[in-house]
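> Before anything else, here's the structure in question.
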Amino acid sequence: MANFSRHDVRKGLNALRWPLRLTRAGMFAENLWQAVWPLVTVCLAVLAVLMLGLQDSVMVEVVWAFAVIAALAGAAALVYAFARFRIPSHAAALARLDETLPGRPIQALMDSQAIGESDAASTAVWRAHQALMSARAAQAEAVPADLRIARRDPFALRYVAVLGFAVALIFGSIWRVGSVAEMGPGGNAGLAGGAVWEGWAESPRYTGRPTIYLNDVADGTLAVPAGSLITLRLYGEVGALTVAETVSGRTGELPPASAPEQDFIVVQEGEISVNGPGGRTWEVAVLPDEVPEIDIIGNADSNALGQMTLPFAATDDYGVEAGEARIVLDLNAVDRRHGLTIAPDPRPEITVALPMPVAGDRTDFEESLIEDFSEHPWANLPVTVTLSALDAAEQQALSEPRDIILPGRRFFDPLAAAIIEQRRDLLWARGNAVRIGQILRAVAHRPDDVFRKDTNRLRLSRAITRLETLASYGLTDEQQSDLADDLWGLALAIEEGDLTSALERLREAQERLNQAMRDGASEAEIEELMRELRRATDDYLRQLMQQSQRNAEQNPDQPQSGDPQNQMQMTQDDLQRMMDRIQELMEQGRMAEAEQALQELQELLENMRVTQGGEGQNGQSAGEQAMEGLAETLRDQQGLSDQAFRDLQEQFNPNAQAGESQGNEGRSGGQGRGNEHTEGGQGEGRQEGAGEQGGQGQQQGQNQGGEGDSQGQGSLADRQQALRDELRRQQGSLPGAGTPEGDAARDALDRAGRAMDGAEEALRQRNFADAIDNQSQAMEALREGMRALGEAMQQEQQAGQQGQGTSEADRRAEAQDPLGRDSGSNGSVGTEEGLLQGEDVYRRARDLLDEIRRRSGEGERPDVELDYLGRLLDRF
């Protein structure tokens with residue numbers, strides 16, 4: 001170290017030549033980037049816009065404004081660059097490099113000894129220090145440049161410009177930059193014919209007319225509908241082309257005639273001119289939009305439930321958009337008597353929307369307004385109906401007013417009709433409240449003579465009390481409406497009895513079936529909904545029959561409506577064929593036809609009227625329905641007993657084959673076997689072996705029990721419980737009450753029910769022997785009940801036939817039920833009297849059985865048909 005000299009110092013500094021040069025170059029790049037980054041950002045942004053061709057899709061004024069802004073920004077960025085840029089010096093680069101080394105060795109090598117230079121020891125120490133610093137300086141490396149400018153660009157504008165430039169490189173073109181030159185003075189010289197224009201005439205969408213390209217239309221007449229949109233685009237030097245028009249009717253501040261983009265709507269006839277090179281002039285003729293027409297084309301009609309049908313026809317050149325009907329009370333035509341003598345309360349006119357065709361042409365169509373105004377205060381009063389139609393141009397047309405009687409439901413029961421009349425008076429004016437209370441009290445003066453049910457009497461008494469109480473304080477609109485609703489419900493209950501609930505179930509079943517058609521239900525769902533519809537139809541017809549019987553008892557001298565020989569007769573088979581046709585159409589996917597057929601069936605059922613002394617459901621009286629239901633219950637009970645006996649055998653002989661116990665299965669016993677071995681077989685066997693009405697509860701129990709254990713006792717117990725519930729339901733509607741025979745039938749059915757309860761308990765305990773004993777008692781009691789019920793029916797028929805002196809034509813009419821079938825001599829439906837007798841019966845049965853066997857042997861038949869034929873052979 002003592003020999004370290006100045007030569008060694010210079011040698012050490014020379015070794016730093018390249019690290020120092022690289023450091024200085026990095027400082028140069030750092031200063032340059034910090035100075036020019038705004039200028040680079042502006043340049044990249046401008047290039048991105050030009051390469052993407054945005055200047056070609058906006059007005060030239062926007063391009064000029066953008067160019068001025070870009071030039072100003074570029075100038076400012078350039079001034080900023082000159083102000084910020086400095087070339088780094090050698091000393092600054094040496095200082096930055098020295099700062100990266102420990103102890104600042106480069107500065108130490110450049111220093112000289114200030115004191116003690118004459119002292120050898122001090123000099124030796126100094127040279128040793130410089131030698132150490134020289135060794136450290138030899139390890140120096142170039143300092144990288146710091147190009148980070150985040151503090152100077154807090155919004156990262158440089159990255160936005162870089163991203164836009166990258167997008168332009170991918171989706172744009174460098175050649176598009178040259179299109180800017182065409183926007184300057186003289187830049188449009190490259191256009192083939194100088195200034196050019198384009199135009200379109202777009203008709204309103206509702207007209208369905210195509211758009212007209214105006215460049216293809218020569219000078220002359222231009223016919224367009226009113227409301228057409230005219231679009232003109234002018235290209236080239238601004239002012240070379242101008243537009244003049246007198247069709248829009250615009251006033252006030254208007255765009256300049258030389259504007260590159262011009263849009264206006266034709267509202268009147270006039271002239272459109274494009275002035276300049278290649279310009280044209282058109283005389284615009286406005287195609288008129290005709291006012292729609294609408295008219296009532298028939299009389300207002302109503303069905304049995306008061307639903308109005310009013311046919312109408314509407315036309316328009318471009319199609320009707322909407323329509324409505326306005327119904328106003330014709331006060332001058334009202335018979336101002338009784339409760340209608342005082343001035344009516346003010347009520348708004350009735351406004352309902354008219355039905356429009358969902359699909360198809362609306363330029364000329366016929367439809368029907370279908371509404372139910374039965375509960376409206378103006379029901380069955382004279383009104384004036386006016387229809388209106390609106391087209392897409394908001395032109396409205398009115399029909400000629402039609403004076404009609406607003407259809408509403410008519411009540412034929414005297415008590416119900418009286419209540420409805422007072423309800424009308426209440427809704428006519430609240431001032432009638434006191435008078436209405438007095439009249440209703442007079443109506444209910446002798447309740448035993450007018451009311452069939454105490455509940456109806458109590459409901460009327462409550463309504464009278466509430467009416468009089470509220471009237472003393474002054475009726476409000478809400479109270480008036482509530483009282484009217486109560487009186488309407490009471491009148492319905494008196495008029496129809498139990499028919500209302502049956503009709504609602506029928507409508508609900510029809511609505512569910514309609515929804516299934518729209519939702520595309522499966523075959524299984526369709527089959528279940530059809531079964532539900534059949535059950536609801538049976539209930540509705542039964543209630544019709546009961547209502548007819550009550551009317552006949554109360555009005556024995558009232559003649560039948562119409563001539564029975566001239567009335568259209570429908571048989572049970574006709575109704576069944578209609579339902580089968582609906583199901584077949586649905587399974588084939590022909591939903592529109594199925595919905596139409598269902599609508600026809602609904603209209604038929606709702607308009608059905610049962611004549612005095614006629615039959616009800618399926619042409620059967622209440623007693624015959626009860627007999628049929630009990631017979632079905634007896635068959636089901638026999639089947640359960642046979643299945644329980646088979647299970648008893650298998651309990652003591654688990655290895656017994658199915659064939660050993662087949663002889664123990666009765667008429668319905670196979671249902672239990674099908675429940676064990678084939679899923680879904682129970683439902684099929686039940687449907688074939690039982691009627692729709694008599695076995696609803698039984699069918700439900702069987703289907704629930706189909707998942708029972710291997711022995712089937714849980715399934716049998718559930719089925720036994722369901723059969724007991726079905727018998728309880730049948731007991732509720734059993735005829736012949738009060739007669740010795742009817743009471744005997746009820747006592748026998750009570751014993752049968754108790755025996756069924758014992759059988760169910762025994763089945764749940766796997767005591768098949770006791771279950772079979774109880775089931776045998778139940779079947780015997782059922783047979784006794786059926787015999788007693790048959791005697792009660794015969795007694796009623798004999799009592800009804802006494803004292804009747806009718807003509808042959810009347811007897812023939814009374815001998816037919818509403819479905820056109822002849823009744824038997826004992827009052828039952830005479831379907832057995834006309835059948836083959838003697839040997840022909842057995843011959844016909846043998847022929848049918850041979851035909852079934854022949855068809856079941858034809859393997860090419862569908863599997864569904866073969867399965868059905870197999871089930872027929874198993875039964876017979």
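Going through the structure tokens in order, the chains are called A, B, and so on, while each chain numbers its residues from 1 and the ligands are numbered from 1 in the order shown.
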If you run DSSP over the backbone, which residues in region 283-392 of chain A end up helix (DSSP H, G or I)? Put them as an MDAnalysis selection string.
chainID A and resid 331:333 338:340
> Go ahead and dump the residues you just picked, C-alpha atoms, as a PDB file, in the first residue's frame.

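out-v2.pdb was written with the following content:
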ATOM      1  CA  LEU A 331    -132.423   6.405 -18.784  1.00  0.00           C
ATOM      2  CA  ASN A 332    -135.300   7.491 -21.022  1.00  0.00           C
ATOM      3  CA  ALA A 333    -136.056   3.892 -21.961  1.00  0.00           C
ATOM      4  CA  HIS A 338    -141.003   0.549  -8.039  1.00  0.00           C
ATOM      5  CA  GLY A 339    -137.395   1.075  -6.958  1.00  0.00           C
ATOM      6  CA  LEU A 340    -136.501   2.784 -10.234  1.00  0.00           C
TER       7      LEU A 340
END
> Quick one: everything within 8 Å of Arg409 (chain A), counting only C-alpha atoms, minus sequence neighbours fewer than 4 positions away in the same chain. Send it as a list in words.
Ala304, Leu305, Gly306, Gln307, Ser374 and Ala379 of chain A
> Any idea what's packed within 12 Å of Arg347 (chain A), counting only C-alpha atoms, ignoring anything in its chain fewer than 5 positions away? Could you give it as a ChimeraX atom specification?
/A:327-329,376-378,427-429,477
> Keeping only C-alpha atoms, write the selected residues as a compact mmCIF listing (two decimals), in the first residue's frame.

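Ended up saving to again-v5.txt:
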# COMPACT_ATOMS: atom_id res chain seq x y z
CA ILE A 327 -122.06 1.12 -22.52
CA VAL A 328 -124.28 3.91 -21.18
CA LEU A 329 -127.60 3.59 -19.38
CA HIS A 376 -123.67 -4.94 -12.80
CA PRO A 377 -126.45 -2.56 -11.65
CA TRP A 378 -127.56 -2.09 -15.26
CA LEU A 427 -127.55 -0.49 -6.61
CA TRP A 428 -129.85 1.92 -8.47
CA ALA A 429 -129.90 4.38 -5.58
CA ASP A 477 -120.33 3.17 -1.69
> What's around region 309-322 of chain A at 7 Å? Count only C-alpha atoms, leave out sequence neighbours fewer than 6 positions away in its own chain, and write the answer as a PyMOL selection string.
chain A and resi 206-207+290-302+356+362-371+389-392
> For Asp486 (chain A), please output as number ranges by chain all residues within 12 Å (counting only C-alpha atoms; exclusion window: fewer than 3 positions along the same chain).
A: 375, 419-420, 422-423, 426, 456, 459-464, 466-467, 479-483, 489-493
> Quick one: residues within 10 Å of Val286 (chain A), only C-alpha atoms counted, chain neighbours fewer than 6 positions away excluded, as a list of chain:residue names?
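My reading of the contact set: A:Leu222, A:Ala223, A:Val224, A:Pro225, A:Ala226, A:Gly227, A:Ser228, A:Val247, A:Val266, A:Val267, A:Gln268, A:Glu269, A:Gly270.
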> Output the selection as a PDB file, in the first residue's frame - N, CA and C atoms for each residue.

ATOM      1  N   LEU A 222     -93.498  11.818 -56.054  1.00  0.00           N
ATOM      2  CA  LEU A 222     -93.074  10.840 -55.052  1.00  0.00           C
ATOM      3  C   LEU A 222     -94.244  10.631 -54.094  1.00  0.00           C
ATOM      4  N   ALA A 223     -94.846   9.427 -54.123  1.00  0.00           N
ATOM      5  CA  ALA A 223     -96.008   9.113 -53.278  1.00  0.00           C
ATOM      6  C   ALA A 223     -95.550   8.326 -52.059  1.00  0.00           C
ATOM      7  N   VAL A 224     -95.776   8.880 -50.891  1.00  0.00           N
ATOM      8  CA  VAL A 224     -95.401   8.224 -49.637  1.00  0.00           C
ATOM      9  C   VAL A 224     -96.536   8.412 -48.640  1.00  0.00           C
ATOM     10  N   PRO A 225     -96.680   7.490 -47.683  1.00  0.00           N
ATOM     11  CA  PRO A 225     -97.713   7.652 -46.651  1.00  0.00           C
ATOM     12  C   PRO A 225     -97.370   8.803 -45.714  1.00  0.00           C
ATOM     13  N   ALA A 226     -98.387   9.344 -45.100  1.00  0.00           N
ATOM     14  CA  ALA A 226     -98.173  10.371 -44.082  1.00  0.00           C
ATOM     15  C   ALA A 226     -97.385   9.790 -42.922  1.00  0.00           C
ATOM     16  N   GLY A 227     -96.425  10.588 -42.421  1.00  0.00           N
ATOM     17  CA  GLY A 227     -95.568  10.117 -41.344  1.00  0.00           C
ATOM     18  C   GLY A 227     -94.299   9.466 -41.822  1.00  0.00           C
ATOM     19  N   SER A 228     -94.025   9.471 -43.123  1.00  0.00           N
ATOM     20  CA  SER A 228     -92.796   8.867 -43.650  1.00  0.00           C
ATOM     21  C   SER A 228     -91.597   9.722 -43.238  1.00  0.00           C
ATOM     22  N   VAL A 247     -92.609  19.885 -46.980  1.00  0.00           N
ATOM     23  CA  VAL A 247     -93.503  18.776 -46.610  1.00  0.00           C
ATOM     24  C   VAL A 247     -93.551  18.530 -45.114  1.00  0.00           C
ATOM     25  N   VAL A 266     -92.740  13.611 -43.283  1.00  0.00           N
ATOM     26  CA  VAL A 266     -93.749  14.118 -44.210  1.00  0.00           C
ATOM     27  C   VAL A 266     -95.095  14.175 -43.501  1.00  0.00           C
ATOM     28  N   VAL A 267     -95.640  15.379 -43.399  1.00  0.00           N
ATOM     29  CA  VAL A 267     -96.956  15.554 -42.790  1.00  0.00           C
ATOM     30  C   VAL A 267     -97.939  16.182 -43.758  1.00  0.00           C
ATOM     31  N   GLN A 268     -97.467  16.684 -44.880  1.00  0.00           N
ATOM     32  CA  GLN A 268     -98.357  17.324 -45.839  1.00  0.00           C
ATOM     33  C   GLN A 268     -97.737  17.226 -47.231  1.00  0.00           C
ATOM     34  N   GLU A 269     -98.540  17.483 -48.228  1.00  0.00           N
ATOM     35  CA  GLU A 269     -98.031  17.486 -49.583  1.00  0.00           C
ATOM     36  C   GLU A 269     -97.162  18.728 -49.821  1.00  0.00           C
ATOM     37  N   GLY A 270     -96.178  18.594 -50.691  1.00  0.00           N
ATOM     38  CA  GLY A 270     -95.274  19.700 -50.954  1.00  0.00           C
ATOM     39  C   GLY A 270     -94.175  19.282 -51.903  1.00  0.00           C
TER      40      GLY A 270
END
> Between CA of Pro382 (chain A) and CA of Ile439 (chain A), what is the distance in Å, rounded to a tenth?
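We find that CA of Pro382 (chain A) and CA of Ile439 (chain A) lie 24.5 Å from each other.
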> Out of A:Val167, A:Glu30, A:Gln262, A:Thr246, which residue has the shortest atom-to-atom distance to Arg148 (chain A) when counting only C-alpha atoms?
A:Glu30
> So the first atom is CA of Gly623 (chain A) and the second is CA of Arg787 (chain A); what is the distance between them in Å, to one decimal place?
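One can read the CA of Gly623 (chain A) to CA of Arg787 (chain A) distance as 12.0 Å.
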